Amino acid sequence: MEFNELLNHLILDYQDSFPLDSRPFKVIADNLKVSENEVLEGYQYLKNKGILSRLGPIFTTHKLGFSFLAAVKCPYDRIDSVANIISSFKEVNHNYLRENELNIWFVCTGESREGLDLVVSQMEEKIQLKVYQFPMKRAFKIDLKARQKIQWEDL
Amino acid sequence: MNSLVKAIQNGISLNSLEPFQEIALEVGMTESEVIAGIKELKENNTIKRFGPVLHNRQIGYIQNAMTTLKVPVEKIEEVGQRISSFDFVTLCYERDAIRGVWDFNLYFMIHGKERTLVEQQIRIVLDAIGNDVSDFRILFSSQCFKQKGANY
């Protein structure tokens with residue numbers, strides 16, 4: 001099997017069904033008819049390339065704690081410093097600049113509502129801006145799976 | 001918080017052929033307890049899925065558009081379901097609006113490679129739900145400052 005084809009299998013075939021087995025890479029190797037080391041090296045390659053974030057869980061966040069989307073209206077000359085302060089909190093897992101007056105949008109996740117309240121008040125003090133919170137009320141769809149083969153030549 | 005959750009949240013080791021054994025040593029459980037524990041977290045839906053998680057931006061999905069909609073409360077269920085039925089919509093949430101600041105209560109996300117294509121997809125969704133939406137904003141991301149898994 002070509003290496004790029006192997007990589008696509010490693011990414012696309014095991015998103016829901018990564019083997020929970022003592023030797024997971026061997027289970028995959030047997031499925032794909034390659035060696036166990038080739039599978040491990042494939043995942044290591046994806047990790048080193050920055051394509052693979054992790055082999056691990058995506059949690060249903062409301063089952064484990066609390067999370068909310070938040071945004072600030074940041075003056076343009078302070079964007080970098082404010083964004084860096086926001087990102088420095090370990091509770092912040094996503095942080096984006098978006099095209100709006102409310103321009104820095106981020107997600108806070110933690111074990112408790114109280115813990116995150118404290119994070120928000122510390123953050124507001126540091127950035128001197130109001131943090132608007134948009135907690136989720138209902139999820140209609142959460143689909144964060146890769147769907148297409150990667151076009152390796154485009155990377 | 002469950003020590004197993006903390007031990008697996010950043011992923012299993014890629015330097016071992018027996019990665020669950022490494023987790024077991026870290027948390028003081030047996031390997032089979034770790035594997036059974038992860039299966040249980042999957043079964044009770046605490047773990048939505050367990051497997052390769054990618055950095056979208058590294059594989060060309062650099063366009064990420066968040067569209068926020070103002071929808072009458074009694075229409076949210078129906079509109080949310082209709083939006084979710086589009087294959088290219090990755091996320092759809094109802095959220096609290098903040099009156100006078102951000103008067104939008106339904107959000108959907110589309111991730112794509114090209115902005116024009118994502119704009120066309122948003123247009124398709126808006127055409128399908130247009131009568132139930134009194135106002136909307138489309139916010140493309142212009143920079144990613146941070147993207148990682150949740151940290152417990």
# chains A, B, ... in the order shown; residues from 1 in each chain; ligands from 1

call {"tool": "residues_around", "arguments": {"residues": "Thr68 in chain B", "least_positions_apart": "3", "cutoff": "7 Å", "atoms": "only C-alpha atoms", "output": "PyMOL selection string"}}
result
chain B and resi 104+106-108+136-138

call {"tool": "interface_residues", "arguments": {"of": "chain B", "to": "chain A", "cutoff": "8 Å", "atoms": "only C-alpha atoms", "output": "PyMOL selection string"}}
result
chain B and resi 1+8-12+14-15+17-21+31-32+35+38-39+45-56+58-60+80-81+84+90-98+139-152

call {"tool": "select_by_dssp", "arguments": {"residues": "range 19-74 of chain A", "states": "helix (DSSP H, G or I)", "output": "VMD selection string"}}
result
chain A and resid 24 to 32 36 to 48 61 to 64

call {"tool": "select_by_dssp", "arguments": {"residues": "range 42-100 of chain B", "states": "strand (DSSP E)", "output": "mmCIF file with N, CA, C and O atoms, in the first residue's frame"}}
result
data_model
loop_
_atom_site.group_PDB
_atom_site.id
_atom_site.type_symbol
_atom_site.label_atom_id
_atom_site.label_comp_id
_atom_site.auth_asym_id
_atom_site.auth_seq_id
_atom_site.Cartn_x
_atom_site.Cartn_y
_atom_site.Cartn_z
ATOM 1 N N ILE B 47 -17.697 10.244 26.162
ATOM 2 C CA ILE B 47 -16.810 10.369 24.999
ATOM 3 C C ILE B 47 -17.672 10.220 23.754
ATOM 4 O O ILE B 47 -18.334 9.206 23.567
ATOM 5 N N LYS B 48 -17.660 11.274 22.950
ATOM 6 C CA LYS B 48 -18.456 11.237 21.709
ATOM 7 C C LYS B 48 -17.821 10.292 20.695
ATOM 8 O O LYS B 48 -18.501 9.535 20.035
ATOM 9 N N ARG B 49 -16.514 10.404 20.555
ATOM 10 C CA ARG B 49 -15.799 9.418 19.755
ATOM 11 C C ARG B 49 -14.364 9.349 20.232
ATOM 12 O O ARG B 49 -13.868 10.275 20.879
ATOM 13 N N PHE B 50 -13.698 8.243 19.925
ATOM 14 C CA PHE B 50 -12.304 8.045 20.324
ATOM 15 C C PHE B 50 -11.552 7.617 19.078
ATOM 16 O O PHE B 50 -11.855 6.580 18.485
ATOM 17 N N GLY B 51 -10.579 8.412 18.669
ATOM 18 C CA GLY B 51 -9.842 8.085 17.455
ATOM 19 C C GLY B 51 -9.009 9.263 17.018
ATOM 20 O O GLY B 51 -8.736 10.165 17.818
ATOM 21 N N PRO B 52 -8.599 9.275 15.754
ATOM 22 C CA PRO B 52 -7.765 10.388 15.289
ATOM 23 C C PRO B 52 -8.539 11.707 15.268
ATOM 24 O O PRO B 52 -9.633 11.785 14.723
ATOM 25 N N VAL B 53 -7.986 12.726 15.907
ATOM 26 C CA VAL B 53 -8.544 14.083 15.888
ATOM 27 C C VAL B 53 -7.539 14.948 15.132
ATOM 28 O O VAL B 53 -6.355 14.955 15.468
ATOM 29 N N LEU B 54 -8.020 15.643 14.111
ATOM 30 C CA LEU B 54 -7.110 16.369 13.216
ATOM 31 C C LEU B 54 -7.113 17.869 13.476
ATOM 32 O O LEU B 54 -8.077 18.408 14.020
ATOM 33 N N GLN B 63 -11.135 27.866 5.886
ATOM 34 C CA GLN B 63 -12.287 28.758 5.953
ATOM 35 C C GLN B 63 -13.274 28.222 6.981
ATOM 36 O O GLN B 63 -13.740 27.093 6.865
ATOM 37 N N ASN B 64 -13.573 29.016 7.963
ATOM 38 C CA ASN B 64 -14.474 28.587 9.021
ATOM 39 C C ASN B 64 -15.448 29.724 9.267
ATOM 40 O O ASN B 64 -15.075 30.806 9.665
ATOM 41 N N ALA B 65 -16.691 29.474 8.864
ATOM 42 C CA ALA B 65 -17.705 30.521 8.940
ATOM 43 C C ALA B 65 -18.736 30.169 10.005
ATOM 44 O O ALA B 65 -19.306 29.081 9.999
ATOM 45 N N MET B 66 -18.945 31.099 10.913
ATOM 46 C CA MET B 66 -19.984 30.959 11.926
ATOM 47 C C MET B 66 -21.131 31.886 11.500
ATOM 48 O O MET B 66 -20.936 33.087 11.391
ATOM 49 N N THR B 67 -22.285 31.307 11.245
ATOM 50 C CA THR B 67 -23.450 32.112 10.895
ATOM 51 C C THR B 67 -24.398 32.123 12.083
ATOM 52 O O THR B 67 -24.697 31.067 12.649
ATOM 53 N N THR B 68 -24.804 33.321 12.483
ATOM 54 C CA THR B 68 -25.686 33.428 13.640
ATOM 55 C C THR B 68 -27.023 33.993 13.162
ATOM 56 O O THR B 68 -27.070 34.901 12.341
ATOM 57 N N LEU B 69 -28.100 33.421 13.673
ATOM 58 C CA LEU B 69 -29.443 33.712 13.180
ATOM 59 C C LEU B 69 -30.355 34.165 14.300
ATOM 60 O O LEU B 69 -30.220 33.719 15.440
ATOM 61 N N LYS B 70 -31.275 35.019 13.945
ATOM 62 C CA LYS B 70 -32.333 35.403 14.879
ATOM 63 C C LYS B 70 -33.603 34.670 14.431
ATOM 64 O O LYS B 70 -34.137 34.937 13.356
ATOM 65 N N LEU B 91 -21.631 22.062 12.640
ATOM 66 C CA LEU B 91 -22.155 22.287 13.988
ATOM 67 C C LEU B 91 -23.417 23.128 13.910
ATOM 68 O O LEU B 91 -23.514 24.032 13.083
ATOM 69 N N CYS B 92 -24.369 22.837 14.780
ATOM 70 C CA CYS B 92 -25.548 23.697 14.881
ATOM 71 C C CYS B 92 -26.026 23.715 16.331
ATOM 72 O O CYS B 92 -26.303 22.664 16.901
ATOM 73 N N TYR B 93 -26.061 24.898 16.915
ATOM 74 C CA TYR B 93 -26.390 25.063 18.328
ATOM 75 C C TYR B 93 -27.439 26.151 18.544
ATOM 76 O O TYR B 93 -27.426 27.170 17.850
ATOM 77 N N GLU B 94 -28.282 25.933 19.529
ATOM 78 C CA GLU B 94 -29.060 27.046 20.062
ATOM 79 C C GLU B 94 -28.259 27.654 21.216
ATOM 80 O O GLU B 94 -27.731 26.927 22.062
ATOM 81 N N ARG B 95 -28.160 28.986 21.240
ATOM 82 C CA ARG B 95 -27.452 29.666 22.326
ATOM 83 C C ARG B 95 -28.296 30.826 22.845
ATOM 84 O O ARG B 95 -29.156 31.341 22.134
#

call {"tool": "atom_distance", "arguments": {"atom1": "CA of Asp87 in chain B", "atom2": "CA of Asn8 in chain A"}}
result
20.5 Å

call {"tool": "atom_distance", "arguments": {"atom1": "CA of Ile85 in chain A", "atom2": "CA of Met123 in chain A"}}
result
7.7 Å

call {"tool": "atom_distance", "arguments": {"atom1": "CA of Val131 in chain A", "atom2": "CA of Phe66 in chain A"}}
result
16.6 Å

call {"tool": "closest_atom_pairs", "arguments": {"of": "range 38-121 of chain A", "to": "range 126-130 of chain A", "cutoff": "10 Å", "atoms": "only C-alpha atoms", "output": "tab-separated table"}}
result
residue	atom	partner	partner_atom	distance
A:Ala71	CA	A:Lys130	CA	8.6
A:Val72	CA	A:Lys130	CA	6.3
A:Lys73	CA	A:Leu129	CA	7.3
A:Cys74	CA	A:Leu129	CA	7.3
A:Pro75	CA	A:Leu129	CA	9.7
A:Arg78	CA	A:Ile127	CA	9.3
A:Ser81	CA	A:Ile127	CA	8.5
A:Val82	CA	A:Ile127	CA	5.9
A:Ala83	CA	A:Ile127	CA	9.1
A:Asn84	CA	A:Ile127	CA	10.0
A:Ile85	CA	A:Ile127	CA	7.3
A:Ile86	CA	A:Ile127	CA	8.2
A:Val120	CA	A:Lys130	CA	9.2
A:Ser121	CA	A:Lys126	CA	8.7

call {"tool": "residues_around", "arguments": {"residues": "Val34 in chain B", "least_positions_apart": "6", "cutoff": "8 Å", "atoms": "only C-alpha atoms", "output": "compact mmCIF listing (two decimals) with C-alpha atoms, in the first residue's frame"}}
result
# COMPACT_ATOMS: atom_id res chain seq x y z
CA LEU B 4 -8.84 8.44 33.56
CA PHE B 20 -3.17 1.79 27.04
CA ILE B 23 -2.09 5.12 30.64
CA ALA B 24 -2.57 2.29 33.14

call {"tool": "residues_around", "arguments": {"residues": "Ile124 in chain B", "least_positions_apart": "2", "cutoff": "12 Å", "atoms": "only C-alpha atoms", "output": "PyMOL selection string"}}
result
chain B and resi 82-83+86-89+110+117-122+126-130

call {"tool": "write_last_selection", "arguments": {"atoms": "C-alpha atoms", "output": "PDB file, in the first residue's frame"}}
result
ATOM      1  CA  ARG B  82     -33.469  21.692   8.856  1.00  0.00           C
ATOM      2  CA  ILE B  83     -30.006  23.300   9.072  1.00  0.00           C
ATOM      3  CA  PHE B  86     -27.221  19.681   5.284  1.00  0.00           C
ATOM      4  CA  ASP B  87     -24.194  17.429   5.071  1.00  0.00           C
ATOM      5  CA  PHE B  88     -21.717  20.324   4.873  1.00  0.00           C
ATOM      6  CA  VAL B  89     -22.936  21.896   8.138  1.00  0.00           C
ATOM      7  CA  ILE B 110     -19.345  25.423   8.003  1.00  0.00           C
ATOM      8  CA  LEU B 117     -17.717  27.733  -1.835  1.00  0.00           C
ATOM      9  CA  VAL B 118     -18.508  28.228   1.851  1.00  0.00           C
ATOM     10  CA  GLU B 119     -20.420  31.408   0.962  1.00  0.00           C
ATOM     11  CA  GLN B 120     -22.478  29.440  -1.566  1.00  0.00           C
ATOM     12  CA  GLN B 121     -23.231  26.785   1.048  1.00  0.00           C
ATOM     13  CA  ILE B 122     -24.343  29.415   3.556  1.00  0.00           C
ATOM     14  CA  LEU B 126     -30.313  30.645   4.255  1.00  0.00           C
ATOM     15  CA  ASP B 127     -32.532  30.069   1.221  1.00  0.00           C
ATOM     16  CA  ALA B 128     -33.950  26.960   2.880  1.00  0.00           C
ATOM     17  CA  ILE B 129     -34.803  28.693   6.167  1.00  0.00           C
ATOM     18  CA  GLY B 130     -35.159  32.282   5.015  1.00  0.00           C
TER      19      GLY B 130
END

call {"tool": "decode", "arguments": {"residues": "range 86-97 of chain A", "atoms": "N, CA and C atoms", "output": "short mmCIF file (atom, residue, chain, number, x, y, z; two decimals), in the first residue's frame"}}
result
data_model
loop_
_atom_site.label_atom_id
_atom_site.label_comp_id
_atom_site.auth_asym_id
_atom_site.auth_seq_id
_atom_site.Cartn_x
_atom_site.Cartn_y
_atom_site.Cartn_z
N ILE A 86 -6.10 36.13 26.35
CA ILE A 86 -7.22 35.17 26.38
C ILE A 86 -6.71 33.75 26.17
N SER A 87 -5.83 33.57 25.19
CA SER A 87 -5.31 32.21 24.90
C SER A 87 -4.48 31.66 26.05
N SER A 88 -3.93 32.53 26.89
CA SER A 88 -3.05 32.06 27.96
C SER A 88 -3.81 31.32 29.06
N PHE A 89 -5.13 31.46 29.10
CA PHE A 89 -5.90 30.71 30.10
C PHE A 89 -6.06 29.27 29.62
N LYS A 90 -5.76 28.31 30.49
CA LYS A 90 -5.82 26.92 30.05
C LYS A 90 -7.26 26.49 29.78
N GLU A 91 -8.22 27.20 30.36
CA GLU A 91 -9.63 26.88 30.12
C GLU A 91 -10.09 27.26 28.71
N VAL A 92 -9.32 28.09 28.03
CA VAL A 92 -9.69 28.49 26.67
C VAL A 92 -9.13 27.47 25.68
N ASN A 93 -10.00 26.78 24.95
CA ASN A 93 -9.47 25.79 24.02
C ASN A 93 -9.58 26.20 22.55
N HIS A 94 -10.46 27.11 22.22
CA HIS A 94 -10.48 27.64 20.86
C HIS A 94 -10.52 29.16 20.96
N ASN A 95 -9.83 29.83 20.06
CA ASN A 95 -9.82 31.28 20.09
C ASN A 95 -9.59 31.81 18.68
N TYR A 96 -10.55 32.55 18.15
CA TYR A 96 -10.50 33.01 16.76
C TYR A 96 -10.77 34.51 16.64
N LEU A 97 -10.11 35.12 15.66
CA LEU A 97 -10.48 36.46 15.23
C LEU A 97 -11.56 36.32 14.17
#
